[in-house]
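structure_17.txt (compact mmCIF, C-alpha atoms)
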```
# COMPACT_ATOMS: atom_id res chain seq x y z
CA MET A 1 -4.78 12.34 -33.85
CA ASP A 2 -3.08 15.56 -34.95
CA THR A 3 -4.57 17.30 -31.91
CA ILE A 4 -3.27 14.57 -29.58
CA ALA A 5 0.12 14.65 -31.27
CA SER A 6 0.35 18.39 -30.82
CA LEU A 7 -0.36 17.98 -27.10
CA PHE A 8 2.63 15.64 -26.75
CA SER A 9 4.89 17.45 -29.19
CA PHE A 10 7.08 18.67 -26.30
CA ILE A 11 8.39 15.12 -25.87
CA THR A 12 8.72 14.29 -29.57
CA THR A 13 12.24 15.70 -29.82
CA PRO A 14 13.61 13.73 -26.79
CA VAL A 15 12.02 10.50 -28.05
CA SER A 16 13.43 10.95 -31.56
CA TRP A 17 16.85 11.78 -30.10
CA VAL A 18 16.90 8.58 -28.01
CA ILE A 19 15.93 6.50 -31.05
CA VAL A 20 18.69 8.09 -33.13
CA GLN A 21 21.31 7.39 -30.44
CA PHE A 22 20.32 3.73 -30.22
CA HIS A 23 20.23 3.58 -34.04
CA LYS A 24 23.87 4.70 -34.21
CA VAL A 25 24.87 1.80 -31.96
CA TYR A 26 22.83 -0.90 -33.70
CA GLY A 27 23.49 0.56 -37.15
CA ALA A 28 27.21 -0.01 -36.64
CA ILE A 29 26.47 -3.70 -35.94
CA PHE A 30 23.63 -4.63 -38.33
CA GLY A 31 23.78 -1.80 -40.87
CA PRO A 32 22.05 1.61 -40.72
CA ASP A 33 19.23 0.78 -43.13
CA THR A 34 18.22 -2.62 -41.70
CA GLY A 35 15.09 -3.42 -39.76
CA TRP A 36 17.21 -4.86 -36.94
CA ALA A 37 18.86 -1.48 -36.35
CA TRP A 38 15.59 0.46 -36.23
CA GLY A 39 13.57 -2.29 -34.54
CA LEU A 40 16.11 -2.80 -31.75
CA SER A 41 16.25 0.98 -31.32
CA ILE A 42 12.52 0.98 -30.57
CA VAL A 43 12.87 -2.02 -28.22
CA SER A 44 15.71 -0.28 -26.37
CA LEU A 45 13.57 2.84 -26.05
CA VAL A 46 10.84 0.75 -24.40
CA ILE A 47 13.28 -0.85 -21.98
CA LEU A 48 14.72 2.54 -21.04
CA ILE A 49 11.26 4.00 -20.42
CA ARG A 50 10.13 1.01 -18.34
CA ILE A 51 13.25 1.12 -16.20
CA CYS A 52 12.51 4.76 -15.44
CA LEU A 53 8.93 3.80 -14.55
CA ILE A 54 9.88 1.11 -12.00
CA PRO A 55 9.30 3.44 -8.98
CA LEU A 56 5.83 4.22 -10.32
CA PHE A 57 5.20 0.51 -10.81
CA VAL A 58 6.06 -0.12 -7.15
CA LYS A 59 3.59 2.60 -6.15
CA GLN A 60 1.00 1.00 -8.40
CA ILE A 61 1.41 -2.35 -6.61
CA LYS A 62 1.07 -0.74 -3.19
CA ALA A 63 -1.96 1.28 -4.29
CA THR A 64 -3.65 -1.77 -5.80
CA ARG A 65 -3.16 -3.81 -2.62
CA ALA A 66 -4.36 -0.95 -0.48
CA MET A 67 -7.52 -0.71 -2.58
CA GLN A 68 -8.05 -4.47 -2.25
CA THR A 69 -7.75 -4.15 1.51
CA LEU A 70 -10.28 -1.32 1.60
CA GLN A 71 -12.89 -3.10 -0.50
CA PRO A 72 -14.85 -4.50 2.49
CA GLU A 73 -14.97 -1.06 4.15
CA MET A 74 -15.98 0.56 0.88
CA LYS A 75 -18.78 -1.95 0.47
CA LYS A 76 -20.07 -1.17 3.98
CA ILE A 77 -20.11 2.55 3.19
CA GLN A 78 -21.99 1.94 -0.05
CA GLU A 79 -24.62 -0.15 1.73
CA ARG A 80 -24.94 2.27 4.64
CA TYR A 81 -25.38 5.37 2.47
CA LYS A 82 -26.91 3.84 -0.63
CA ASN A 83 -29.68 6.47 -0.66
CA ASP A 84 -27.34 9.42 -0.07
CA LYS A 85 -24.75 9.66 -2.84
CA GLN A 86 -23.20 12.86 -1.52
CA ARG A 87 -22.64 11.41 1.95
CA GLN A 88 -21.33 8.24 0.34
CA SER A 89 -18.72 10.22 -1.62
CA GLU A 90 -17.72 12.15 1.49
CA GLU A 91 -17.22 8.95 3.50
CA MET A 92 -15.20 7.44 0.65
CA MET A 93 -12.90 10.45 0.52
CA LYS A 94 -12.57 10.35 4.30
CA LEU A 95 -11.60 6.67 4.12
CA TYR A 96 -8.98 7.38 1.43
CA LYS A 97 -7.54 10.21 3.51
CA GLU A 98 -7.35 8.17 6.71
CA THR A 99 -5.64 5.21 5.04
CA GLY A 100 -3.44 7.31 2.74
CA THR A 101 -4.62 5.60 -0.45
CA ASN A 102 -5.36 7.07 -3.87
CA PRO A 103 -7.48 5.23 -6.47
CA LEU A 104 -5.57 6.95 -9.30
CA SER A 105 -2.22 5.56 -8.12
CA SER A 106 -2.87 2.26 -9.89
CA CYS A 107 -3.02 4.14 -13.21
CA LEU A 108 0.28 6.02 -12.77
CA PRO A 109 2.47 3.81 -15.04
CA ILE A 110 -0.08 3.98 -17.88
CA LEU A 111 -0.50 7.73 -17.53
CA ALA A 112 3.27 8.28 -17.38
CA GLN A 113 3.87 6.06 -20.40
CA SER A 114 1.19 7.62 -22.63
CA PRO A 115 3.25 10.70 -23.65
CA PHE A 116 6.07 8.46 -24.92
CA PHE A 117 3.58 6.31 -26.80
CA PHE A 118 1.96 9.22 -28.62
CA ALA A 119 5.35 10.84 -29.29
CA LEU A 120 6.63 7.60 -30.86
CA TYR A 121 3.44 7.30 -32.88
CA HIS A 122 3.90 10.85 -34.12
CA VAL A 123 7.53 10.11 -35.09
CA LEU A 124 6.63 6.93 -36.99
CA ASN A 125 3.65 8.61 -38.64
CA GLY A 126 5.98 11.37 -39.86
CA ILE A 127 8.34 8.72 -41.28
CA ALA A 128 5.39 7.11 -43.12
CA ASN A 129 4.39 10.47 -44.58
CA GLY A 130 7.96 11.39 -45.51
CA GLU A 131 8.21 14.22 -42.96
CA THR A 132 11.25 15.05 -40.86
CA ILE A 133 10.45 15.34 -37.18
CA GLY A 134 12.50 16.07 -34.09
CA VAL A 135 16.17 15.25 -34.67
CA ILE A 136 15.36 12.87 -37.56
CA ASN A 137 16.72 14.63 -40.65
CA GLN A 138 16.25 13.71 -44.31
CA SER A 139 18.98 11.05 -44.41
CA LEU A 140 17.64 9.30 -41.30
CA LEU A 141 14.14 9.55 -42.73
CA GLU A 142 15.19 7.73 -45.93
CA SER A 143 17.01 5.10 -43.87
CA ALA A 144 13.93 4.47 -41.70
CA GLN A 145 11.68 4.15 -44.76
CA LYS A 146 13.97 1.46 -46.17
CA ALA A 147 13.97 -0.55 -42.92
CA HIS A 148 11.79 -3.69 -42.96
CA ILE A 149 10.90 -5.94 -40.02
CA PHE A 150 10.27 -9.44 -41.41
CA GLY A 151 9.41 -7.85 -44.75
CA ALA A 152 7.06 -5.18 -43.33
CA PRO A 153 8.16 -1.51 -43.43
CA LEU A 154 8.53 0.27 -40.12
CA ALA A 155 5.78 2.77 -40.97
CA ALA A 156 3.34 0.31 -42.64
CA LYS A 157 -0.16 -0.36 -41.23
CA PHE A 158 -2.60 -3.25 -41.53
CA THR A 159 -5.14 -0.93 -43.17
CA ASP A 160 -2.75 0.47 -45.80
CA SER A 161 -3.63 -0.11 -49.41
CA ALA A 162 -1.46 -1.95 -51.89
CA SER A 163 -0.46 1.31 -53.60
CA ASP A 164 0.68 2.86 -50.34
CA LEU A 165 2.77 -0.21 -49.54
CA ALA A 166 4.23 -0.29 -53.03
CA SER A 167 5.78 3.12 -52.40
CA LEU A 168 7.44 1.59 -49.32
CA ASP A 169 8.68 -1.40 -51.34
CA ALA A 170 6.45 -3.94 -49.59
CA SER A 171 3.63 -6.32 -50.51
CA LEU A 172 0.12 -6.16 -49.02
CA LEU A 173 0.04 -9.84 -48.02
CA ASN A 174 3.39 -9.72 -46.27
CA VAL A 175 2.49 -6.58 -44.31
CA ARG A 176 -0.88 -7.96 -43.19
CA ILE A 177 0.57 -11.29 -42.07
CA VAL A 178 3.28 -9.57 -40.01
CA THR A 179 0.92 -7.00 -38.48
CA ALA A 180 -1.77 -9.64 -37.74
CA ILE A 181 0.74 -11.86 -35.90
CA MET A 182 2.02 -8.90 -33.90
CA ILE A 183 -1.53 -7.81 -32.99
CA VAL A 184 -2.41 -11.33 -31.82
CA LEU A 185 0.77 -11.55 -29.73
CA MET A 186 0.11 -8.11 -28.28
CA SER A 187 -3.47 -9.03 -27.27
CA ALA A 188 -2.44 -12.46 -25.95
CA SER A 189 0.31 -11.01 -23.77
CA GLN A 190 -2.13 -8.48 -22.34
CA PHE A 191 -4.68 -11.21 -21.62
CA PHE A 192 -2.11 -13.47 -19.95
CA THR A 193 -0.81 -10.59 -17.83
CA GLN A 194 -4.29 -9.78 -16.53
CA ARG A 195 -5.18 -13.45 -16.10
CA GLN A 196 -2.19 -14.30 -13.91
CA LEU A 197 -3.06 -11.27 -11.80
CA MET A 198 -6.61 -12.53 -11.29
CA THR A 199 -5.88 -16.23 -10.78
CA LYS A 200 -2.70 -16.08 -8.70
CA ASN A 201 -2.34 -12.70 -7.03
CA VAL A 202 -5.81 -11.90 -5.69
CA ASP A 203 -6.93 -12.45 -2.10
CA THR A 204 -9.45 -15.30 -2.46
CA SER A 205 -10.78 -14.84 1.10
CA VAL A 206 -12.49 -11.54 0.20
CA LYS A 207 -15.10 -11.38 -2.55
CA THR A 208 -15.59 -7.81 -3.68
CA PRO A 209 -16.80 -5.95 -6.79
CA PHE A 210 -13.18 -5.03 -7.44
CA MET A 211 -12.51 -8.61 -8.52
CA GLN A 212 -15.39 -8.50 -10.98
CA GLN A 213 -14.02 -5.30 -12.49
CA GLN A 214 -10.59 -6.85 -12.92
CA LYS A 215 -12.12 -9.92 -14.52
CA MET A 216 -14.00 -7.70 -16.97
CA LEU A 217 -10.82 -5.81 -17.86
CA MET A 218 -9.10 -9.13 -18.52
CA TYR A 219 -11.33 -9.55 -21.59
CA VAL A 220 -11.86 -5.90 -22.55
CA PHE A 221 -8.20 -4.86 -22.88
CA PRO A 222 -7.19 -7.54 -25.42
CA VAL A 223 -10.19 -6.65 -27.57
CA MET A 224 -9.22 -2.98 -27.44
CA PHE A 225 -5.66 -3.81 -28.50
CA ALA A 226 -6.95 -5.89 -31.38
CA VAL A 227 -9.32 -3.14 -32.59
CA PHE A 228 -6.86 -0.27 -32.34
CA GLY A 229 -3.87 -2.36 -33.39
CA ILE A 230 -4.92 -2.47 -37.04
CA ASN A 231 -4.35 1.31 -37.20
CA PHE A 232 -0.88 1.21 -35.57
CA PRO A 233 2.29 1.35 -37.68
CA VAL A 234 4.62 -1.65 -37.41
CA GLY A 235 7.03 0.39 -35.31
CA VAL A 236 4.29 1.18 -32.78
CA LEU A 237 3.27 -2.50 -32.70
CA VAL A 238 6.89 -3.34 -31.87
CA TYR A 239 6.79 -0.75 -29.10
CA TRP A 240 3.49 -1.97 -27.63
CA LEU A 241 4.37 -5.68 -27.91
CA THR A 242 7.67 -5.06 -26.15
CA THR A 243 6.06 -3.10 -23.32
CA ASN A 244 3.41 -5.83 -22.86
CA VAL A 245 6.08 -8.52 -22.64
CA TRP A 246 8.05 -6.39 -20.16
CA THR A 247 4.92 -5.87 -18.03
CA MET A 248 4.17 -9.60 -18.10
CA GLY A 249 7.70 -10.52 -16.98
CA GLN A 250 7.80 -7.79 -14.35
CA GLN A 251 4.47 -8.91 -12.92
CA MET A 252 5.57 -12.55 -12.86
CA TYR A 253 8.60 -11.52 -10.81
CA VAL A 254 6.47 -9.52 -8.37
CA ILE A 255 3.89 -12.29 -7.98
CA ARG A 256 6.62 -14.86 -7.31
CA ASN A 257 8.65 -12.81 -4.82
CA ASN A 258 6.13 -10.41 -3.26
CA PRO A 259 2.65 -11.92 -3.57
CA THR A 260 -0.59 -10.49 -2.28
CA PRO A 261 -1.55 -11.81 1.21
CA GLY A 262 -4.26 -14.45 1.02
CA SER A 263 -3.61 -15.32 -2.64
CA LYS A 264 -2.55 -18.60 -4.20
CA ALA A 265 0.80 -17.03 -5.04
CA GLN A 266 1.40 -16.35 -1.33
CA ALA A 267 0.67 -19.98 -0.42
CA ALA A 268 3.19 -21.16 -3.05
CA TYR A 269 5.75 -18.58 -1.89
CA LEU A 270 5.45 -19.57 1.80
CA GLU A 271 5.83 -23.22 0.85
CA ARG A 272 9.09 -22.43 -0.97
CA LEU A 273 10.23 -20.23 1.93
CA TYR A 274 9.47 -23.00 4.42
CA LYS A 275 11.62 -25.48 2.49
CA HIS A 276 14.48 -22.99 2.29
CA VAL A 277 14.35 -22.03 5.97
CA THR A 278 14.21 -25.63 7.17
CA HIS A 279 17.15 -26.50 4.93
CA HIS A 280 19.43 -23.51 5.60
CA GLY A 281 18.09 -22.44 8.99
CA LYS A 282 17.63 -18.75 8.13
CA THR A 283 16.00 -16.25 5.78
CA ARG A 284 18.20 -15.28 2.85
CA SER A 285 17.12 -11.77 1.83
CA ARG A 286 15.64 -8.53 3.08
CA GLY A 287 12.39 -9.22 1.24
CA GLU A 288 11.95 -12.58 2.97
CA ARG A 289 12.61 -11.02 6.36
CA ALA A 290 10.04 -8.31 5.62
CA ILE A 291 7.40 -10.93 4.77
CA VAL A 292 8.16 -13.02 7.88
CA LYS A 293 8.08 -9.87 10.01
CA ALA A 294 4.65 -8.95 8.63
CA ILE A 295 3.33 -12.46 9.30
CA VAL A 296 4.59 -12.45 12.91
CA ALA A 297 3.07 -9.01 13.52
CA LYS A 298 -0.39 -10.15 12.34
CA GLY A 299 -0.86 -12.52 15.28
CA ARG A 300 -4.44 -13.81 15.30
CA ASP A 301 -5.22 -12.14 11.97
CA ARG A 302 -3.09 -14.56 9.95
CA ASN A 303 -4.65 -16.38 7.04
CA ASP A 304 -4.51 -20.15 6.51
CA ALA A 305 -1.26 -20.14 4.53
CA GLU A 306 0.49 -17.96 7.12
CA ARG A 307 -0.68 -20.13 10.02
CA LYS A 308 0.47 -23.23 8.17
CA PHE A 309 3.89 -21.64 7.66
CA ILE A 310 4.32 -20.67 11.34
CA ASN A 311 3.05 -24.03 12.61
CA GLY A 312 5.34 -25.89 10.22
CA LEU A 313 8.36 -23.99 11.54
CA THR A 314 7.30 -24.70 15.12
CA LYS A 315 7.00 -28.46 14.53
CA VAL A 316 10.56 -28.73 13.21
CA GLY A 317 12.03 -26.62 16.01
CA PHE A 318 12.22 -23.16 14.41
CA ALA A 319 10.76 -19.91 15.66
CA ALA A 320 9.95 -16.80 13.60
CA GLN A 321 11.03 -13.63 15.38
CA ALA A 322 9.48 -10.17 15.41
CA ASP A 323 12.35 -8.73 13.32
CA GLY A 324 11.74 -11.23 10.49
CA THR A 325 14.59 -13.60 11.29
CA VAL A 326 14.14 -17.31 11.95
CA ILE A 327 16.12 -19.08 14.66
CA LYS A 328 16.40 -22.72 15.65
CA SER A 329 15.35 -23.05 19.27
CA GLU A 330 13.25 -25.98 20.44
CA ALA A 331 12.33 -24.27 23.73
CA GLN A 332 11.10 -21.14 21.98
CA ALA A 333 9.39 -23.10 19.22
CA ALA A 334 7.48 -25.18 21.79
CA ALA A 335 6.45 -22.06 23.70
CA GLN A 336 5.27 -20.19 20.59
CA ALA A 337 1.48 -20.26 20.31
CA GLU A 338 -0.36 -20.71 17.04
CA ASP A 339 -1.71 -17.18 17.10
CA GLY A 340 1.78 -15.96 17.87
CA THR A 341 3.01 -13.65 20.52
CA PRO A 342 6.81 -13.21 20.65
CA THR A 343 8.35 -16.37 22.05
CA THR A 344 10.67 -14.66 24.55
CA ALA A 345 7.77 -12.77 26.09
CA THR A 346 5.74 -15.98 26.34
CA ALA A 347 8.54 -17.75 28.13
CA LYS A 348 8.95 -14.89 30.59
CA ARG A 349 5.26 -14.86 31.39
CA GLN A 350 4.98 -18.62 31.79
CA GLN A 351 8.07 -19.13 33.95
CA PRO A 352 6.77 -17.39 37.14
CA LYS A 353 3.53 -19.36 36.88
CA ARG A 354 5.37 -22.67 36.91
CA GLN A 355 7.49 -21.58 39.92
CA SER A 356 4.51 -20.45 41.95
CA LYS A 357 2.69 -23.69 41.24
CA SER A 358 5.64 -25.80 42.37
CA GLN A 359 5.89 -23.75 45.52
CA ARG A 360 2.25 -24.39 46.27
CA GLN A 361 2.71 -28.11 45.67
CA SER A 362 5.78 -28.29 47.93
CA ALA A 363 3.97 -26.39 50.68
CA ALA A 364 1.39 -29.16 51.24
CA PRO A 365 3.88 -31.97 52.13
CA ALA A 366 5.76 -29.60 54.45
CA LYS A 367 2.56 -28.83 56.33
CA GLY A 368 1.78 -32.54 56.67
CA ALA A 369 5.24 -33.16 58.05
CA ASP A 370 4.74 -30.43 60.67
CA GLU A 371 1.49 -32.03 61.77
CA ALA A 372 3.17 -35.43 62.05
CA VAL A 373 5.91 -33.93 64.19
CA SER A 374 3.36 -32.27 66.48
CA LEU A 375 1.45 -35.53 66.91
CA SER A 376 4.60 -37.41 67.77
CA LYS A 377 5.47 -34.79 70.38
CA SER A 378 2.01 -35.08 71.97
CA ASP A 379 2.45 -38.83 72.33
CA GLU A 380 5.82 -38.63 74.09
CA PRO A 381 4.57 -37.67 77.64
CA GLU A 382 2.19 -40.65 77.71
CA ASP A 383 4.98 -43.11 76.83
CA THR A 384 7.12 -41.79 79.73
CA LYS A 385 4.41 -42.39 82.37
CA PRO A 386 4.77 -45.51 84.68
CA SER A 387 3.11 -48.58 83.23
CA GLY A 388 1.65 -49.72 86.57
CA SER A 389 -0.46 -46.66 87.34
CA ALA A 390 -4.22 -46.90 87.34
CA GLY A 391 -4.78 -43.96 85.07
CA THR A 392 -2.63 -45.51 82.45
CA ALA A 393 -4.42 -48.80 82.67
CA LYS A 394 -7.80 -47.14 82.32
CA GLN A 395 -6.81 -45.02 79.32
CA ALA A 396 -4.87 -47.73 77.49
CA PRO A 397 -7.85 -49.28 75.63
CA SER A 398 -8.99 -45.90 74.29
CA LYS A 399 -5.58 -44.75 72.98
CA PRO A 400 -4.94 -47.44 70.36
CA GLY A 401 -8.01 -46.14 68.62
CA SER A 402 -9.77 -48.13 65.93
CA ALA A 403 -8.33 -51.54 66.91
CA GLY A 404 -10.16 -51.70 70.28
CA ARG A 405 -13.34 -50.25 68.94
CA SER A 406 -13.43 -52.65 65.97
CA LYS A 407 -13.11 -55.61 68.33
CA ALA A 408 -15.95 -54.32 70.52
CA GLN A 409 -18.17 -53.74 67.51
CA SER A 410 -17.42 -57.15 66.09
CA GLY A 411 -18.21 -58.71 69.48
CA GLN A 412 -21.52 -56.84 69.56
CA ARG A 413 -22.49 -58.14 66.18
CA LYS A 414 -21.61 -61.73 67.10
CA GLY A 415 -22.84 -61.71 70.70
CA GLY A 416 -26.25 -60.22 70.12
CA PRO A 417 -27.74 -57.75 72.63
CA GLN A 418 -24.85 -58.00 75.11
CA ARG A 419 -22.55 -55.00 74.84
CA PRO A 420 -19.61 -54.24 77.15
CA LYS A 421 -19.56 -50.90 78.83
CA SER A 422 -16.94 -48.44 77.76
CA PRO A 423 -14.34 -47.38 80.32
CA SER A 424 -15.62 -43.84 80.33
CA LYS A 425 -19.04 -44.93 81.71
CA LYS A 426 -17.59 -46.93 84.63
```
Any chance you could put this one into structure tokens?
Amino acid sequence: MDTIASLFSFITTPVSWVIVQFHKVYGAIFGPDTGWAWGLSIVSLVILIRICLIPLFVKQIKATRAMQTLQPEMKKIQERYKNDKQRQSEEMMKLYKETGTNPLSSCLPILAQSPFFFALYHVLNGIANGETIGVINQSLLESAQKAHIFGAPLAAKFTDSASDLASLDASLLNVRIVTAIMIVLMSASQFFTQRQLMTKNVDTSVKTPFMQQQKMLMYVFPVMFAVFGINFPVGVLVYWLTTNVWTMGQQMYVIRNNPTPGSKAQAAYLERLYKHVTHHGKTRSRGERAIVKAIVAKGRDRNDAERKFINGLTKVGFAAQADGTVIKSEAQAAAQAEDGTPTTATAKRQQPKRQSKSQRQSAAPAKGADEAVSLSKSDEPEDTKPSGSAGTAKQAPSKPGSAGRSKAQSGQRKGGPQRPKSPSKK
């Protein structure tokens, strides 16, 4: 550990300085030698570090989701080049380069936090050994050694002997109870954080080895914390428990407000968003508009929860737009298809089709009317001819049409073989 501490010694002075500054504030409230002053100083250090790491945490989320998206392609590459490991590695690197992803991005917060962890451990270990370190002078060292958190000294460990704890004015039983409770809470918070990630924020439509790895880590990490925790000073346990609780709360916020597509958390989020939009008639934040915009842009690639959300809006007369807004328009909502092209474009494409169809339908009656007019005109010269002429008398039986012929046919059926001659044969 001395070798590791020496590697991170460059950050020991800044960490000790931050603790001392927080100790001045809390010491004025609770007293400089109390466990509250030193314990809250460590908690405040954690909060400050985690706030500074928020941009890296955002990158971690994006990298993790990008890796989840690439899992099917990675599996295809592994199966295609399973006998050629070199070609497999080359194709993997090519895939990472084309998509702009980095497998190490998901480890950035842990890697960035590790120097502060080892620096704090080095500071607390120096306090336990009675050594001044960083900006902690002799008076601050004596004050830190007197500080107790629930009866356990700040520098005490679970593995310390009774004689070592007696020099710190503490009992073995009290120290082991406090450290054991803190180790259990630290492991439980880590397990719950990983479990909510696996059960709520994982795309259930894609089964990949990545999910099995995450499930394995869900059980491995708490065991590691329990094993290594017995060698951590109480101050380091406070630090690690605080950072685990912060990570758990931060992840709960992300899962609730920006869930992974295809996960159970996304289905619950879209259900809440649907209720809000139908009640207020609009999206309320930039994040909601970004999610709606992404859903609209997917089109036919939407998952079940996203299709249910779009169809639900359509049924109640709302339409999701390409910019992420939601408007109330029954005409647009009726025109919007389930697989979703922009509603205005759909209406523009469908409108000429309806006009051309109506024109074709109106053209048929007009043509029939023209034929009727032409027939009536052809009949007019015959009506103007004199009624007493022979030609008119001869042609009269043939012009009425079916009436004369039906009578002749009926007479033929009743009269047997006798059949009158038609006027044309006379």
Residue neighbourhood segment 92-104 of chain A, 10 Å, only C-alpha atoms, exclusion window fewer than 5 positions, as a short mmCIF file (atom, residue, chain, number, x, y, z; two decimals) with C-alpha atoms, in the frame of the given file:
```
data_model
loop_
_atom_site.label_atom_id
_atom_site.label_comp_id
_atom_site.auth_asym_id
_atom_site.auth_seq_id
_atom_site.Cartn_x
_atom_site.Cartn_y
_atom_site.Cartn_z
CA GLN A 60 1.00 1.00 -8.40
CA LYS A 62 1.07 -0.74 -3.19
CA ALA A 63 -1.96 1.28 -4.29
CA THR A 64 -3.65 -1.77 -5.80
CA ARG A 65 -3.16 -3.81 -2.62
CA ALA A 66 -4.36 -0.95 -0.48
CA MET A 67 -7.52 -0.71 -2.58
CA LEU A 70 -10.28 -1.32 1.60
CA GLU A 73 -14.97 -1.06 4.15
CA MET A 74 -15.98 0.56 0.88
CA ILE A 77 -20.11 2.55 3.19
CA GLN A 78 -21.99 1.94 -0.05
CA GLN A 86 -23.20 12.86 -1.52
CA ARG A 87 -22.64 11.41 1.95
CA LEU A 111 -0.50 7.73 -17.53
#
```
(request) Record the distance separating atom CA of Ser44 of chain A and atom CA of Phe221 of chain A, expressed in Å with one decimal. (result)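 Interatomic distance here is 24.6 Å.
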(request) Step by step: start from the point (14.5, 7.0, -29.3) in the file's coordinates, keep every protein, DNA or RNA residue that has an atom no farther than 12 Å from it, count all atoms listed in the file, and write the set as a ChimeraX atom specification. (result) /A:11-25,37-49,116-117,119-121,123-124,134-136,235,239
(request) Could you check how far atom CA of Val227 of chain A sits from atom CA of Thr159 of chain A, in Å to one decimal? (result)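 Going from atom CA of Val227 of chain A over to atom CA of Thr159 of chain A, I get 11.6 Å.
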(request) Grab the atom CA of Glu142 of chain A to atom CA of Thr243 of chain A distance for me, in Å with one decimal place. (result)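 So the answer is 26.7 Å.
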(request) Would you list the contacts of Leu154 of chain A as number ranges by chain, taking every protein, DNA or RNA residue within 10 Å and counting all atoms listed in the file, but skipping same-chain residues closer than 6 positions in sequence? (result) A: 35, 38-39, 124-125, 127-128, 144-148, 168, 233-238
Kindly provide the residues of segment 217-269 of chain A that approach segment 275-297 of chain A to within 10 Å, each paired with its closest atom pair and their distance in Å to one decimal, based on all atoms listed in the file, listed by chain and increasing number, as CSV.
```
residue,atom,partner,partner_atom,distance
A:Asn257,CA,A:Gly287,CA,8.0
A:Asn258,CA,A:Gly287,CA,7.8
A:Pro259,CA,A:Ile291,CA,9.6
A:Pro261,CA,A:Ile295,CA,9.5
A:Tyr269,CA,A:Glu288,CA,9.9
```
